[in-house]
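Enquirer: So that we are looking at the same thing, I have put the structure below in structure tokens.
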There are 2 protein chains.
Amino acid sequence: MAHRILIVDDEDDIREFIGYNLRHEGYDVYTAENGAEALEIIGSVRPHLVLLDMMMPIMDGRQTCEKIRQIPELKDTMIVFLSAVQEEQCQLDSYQAGADDYITKPVSMRVLCSRVNAIMKRLKPVENLPLNIDFDRRVVTTPQGDIPLPRKEFEILQLLLSEPGKVFTREEIFTQIWGGDVVVGDRTLDVHIRRLRRKLGDEAIVTHKGIGFKILL
Amino acid sequence: MAHRILIVDDEDDIREFIGYNLRHEGYDVYTAENGAEALEIIGSVRPHLVLLDMMMPIMDGRQTCEKIRQIPELKDTMIVFLSAVQEEQCQLDSYQAGADDYITKPVSMRVLCSRVNAIMKRLKPVENLPLNIDFDRRVVTTPQGDIPLPRKEFEILQLLLSEPGKVFTREEIFTQIWGGDVVVGDRTLDVHIRRLRRKLGDEAIVTHKGIGFKILL
DNA sequence: TCTATTTTGTGAACATTTCATAAAAAATAT
DNA sequence: ATATTTTTTATGAAATGTTCACAAAATAGA
């Protein structure tokens, strides 16, 4: 799943142009015409990055930024200003208001994209399932907290989670986890599934009789 | 404990001036005259941010950046270019080389500081770790006093600490510390971990059976 | 519908792998 | 030469992985 970007600018052309290019880079792009509209949709969109034009009617970039920064759930949202104003004071004010970056116009699209990419690469990959695997820390992250898993359980969950919703046949699981040559009893998998369910909740993994298992979407 | 910044610039005045101001902002500042020197000390300093001048003798900013990016333990290090070159291509190349930001000179000190602060506020706070490492003196500082660490122990701790919370596989540790070709017994690592635990307390390092170890966040 | 058959769920026992630890030997540094 | 550091080895402990026996549930066949 892609990172979400909200472009806030009162000029249609610019929104479209930047939007087109950022979509091309693989982002989910949302747009707003002004600060007020941005604040309306930002709660539901929950963008990872907001590209905020400085000069806007009704509510300017700085005010919008301050409003966004007052929303605790959005504290990790990156806010980048786009501004034609080179003045030092304007930049300082923007950072004061909680900006993460300040880009002076005019700027080439390629540079803008590079910059956005540079910011995005530092963000955590997007999560959407209630269940998520942290490969580095080797734990499953859930709303309730982190659960460490032994190797086999981790591998099985990792497989199921590689395509959430897809039913993996028992055979598929055996060859993927144990390898084609290793032979283990046919109840072994059930025991591992059982232990996973103990830790993740019974609903997390669904059985398809005669076929295999899948992780709930 | 403060975030560490490494300033790399061949002009003494600039290093001093920027360094003075960033220290004033509360950072631990280290300096290097050129890319080669930067690469020498970067392993022991392990800065959170590198301010890299573009134009330098011997090794320019871009080359230095690429070298740094080849060091796995430093992948979370932010690299910011300082350059008098406004050319688009130069910026794009820098991002290509792994830069996180590109600041064109001249830039006012206050803007530079704001920008550095904006970057730093997104990093994990450093003071959360129960351990404080003095990379220069190769000791662990605790309320009870300093604990010097022998080379192997220090290197292992340094690796684990490069990404606190991440589980490093035994293999990963072996290749990083001993190198891919050296072969040592499989209990050796455990002994070093044991000695580290003796010195740092048992809770500091967590075992993931079948996988490896991680340092507690 | 009722029963037979297949498939899955489950806990406990068992087997295996992996790790912790001390002690001692080997290698390095001082 | 002596102290320090690193590696090896042996052993017990613990976590993990597997099997098994049987229960429960779903499916198929009459």
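Naming works like this for the structure tokens: A, B, ... for the chains as they're shown, residue 1 at the start of each chain, ligands 1 onward in shown order.
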With chain B fixed, least-squares superpose chain A over all its C-alpha atoms paired in order and give the RMSD in Å.
Expert: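 Once chain A is fitted onto chain B, the C-alpha RMSD works out to 15.3 Å.
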Enquirer: Once you count only C-alpha atoms (C1' of nucleotides), which residues of chain A turn out to be within 10 Å of chain D? Could you give them as a VMD selection string?
Expert: chain A and resid 150 to 152 184 to 189 191 to 192 209 to 210
Enquirer: Dump as a PyMOL selection string the residues of chain A that approach chain B to within 6 Å, counting only C-alpha atoms.
Expert: chain A and resi 100+118+136-137
Enquirer: With only C-alpha atoms (C1' of nucleotides) as the basis for distance, which of C:DC19, C:DA4, C:DA25, C:DA13 is at the shortest distance from chain B?
Expert: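 Residue with the minimum atom-to-atom distance to chain B: C:DC19.
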Enquirer: Quick one: which residues from chain C are at most 9 Å off chain A, using only C-alpha atoms (C1' of nucleotides), as a ChimeraX atom specification?
Expert: /C:7-10
Enquirer: Please produce an output containing C-alpha atoms (C1' of nucleotides) for each residue in the selection, written as a PDB file, in the first residue's frame.
Expert:
ATOM      1  C1'  DT C   7     -10.651 -33.437   8.355  1.00  0.00           C
ATOM      2  C1'  DT C   8      -9.316 -30.366  11.917  1.00  0.00           C
ATOM      3  C1'  DG C   9      -8.644 -28.992  16.969  1.00  0.00           C
ATOM      4  C1'  DT C  10      -6.419 -29.879  21.241  1.00  0.00           C
TER       5       DT C  10
END
Enquirer: Please extract the residues of stretch 19-175 of chain B with a backbone DSSP assignment of alpha helix (DSSP H) and present them as a ChimeraX atom specification.
Expert: /B:19-24,35-45,61-69,88-96,109-120,151-162,170-173
Enquirer: Using atom CA of A:Phe174 and atom CA of A:Glu153 as the two end points, give the distance in Å to one decimal.
Expert: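 That distance, rounded to one decimal, is 12.7 Å.
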Enquirer: Quick one: pull the distance between atom CA of B:Glu87 and atom CA of B:Gly61, Å, one decimal.
Expert: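 So the answer is 15.1 Å.
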Enquirer: Taking into account only C-alpha atoms, which residue in the set B:Val29, B:Ile215, B:Ile133, B:Leu149 is nearest to B:Leu51?
Expert: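 Nearest to B:Leu51: B:Val29.
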Enquirer: Would you please give, as number ranges by chain, all residues of stretch 9-181 of chain A that DSSP assigns to strand (DSSP E or B) based on the backbone?
Expert: A: 28-32, 49-53, 78-83, 101-104, 132-134, 139-142, 145-148, 168-169
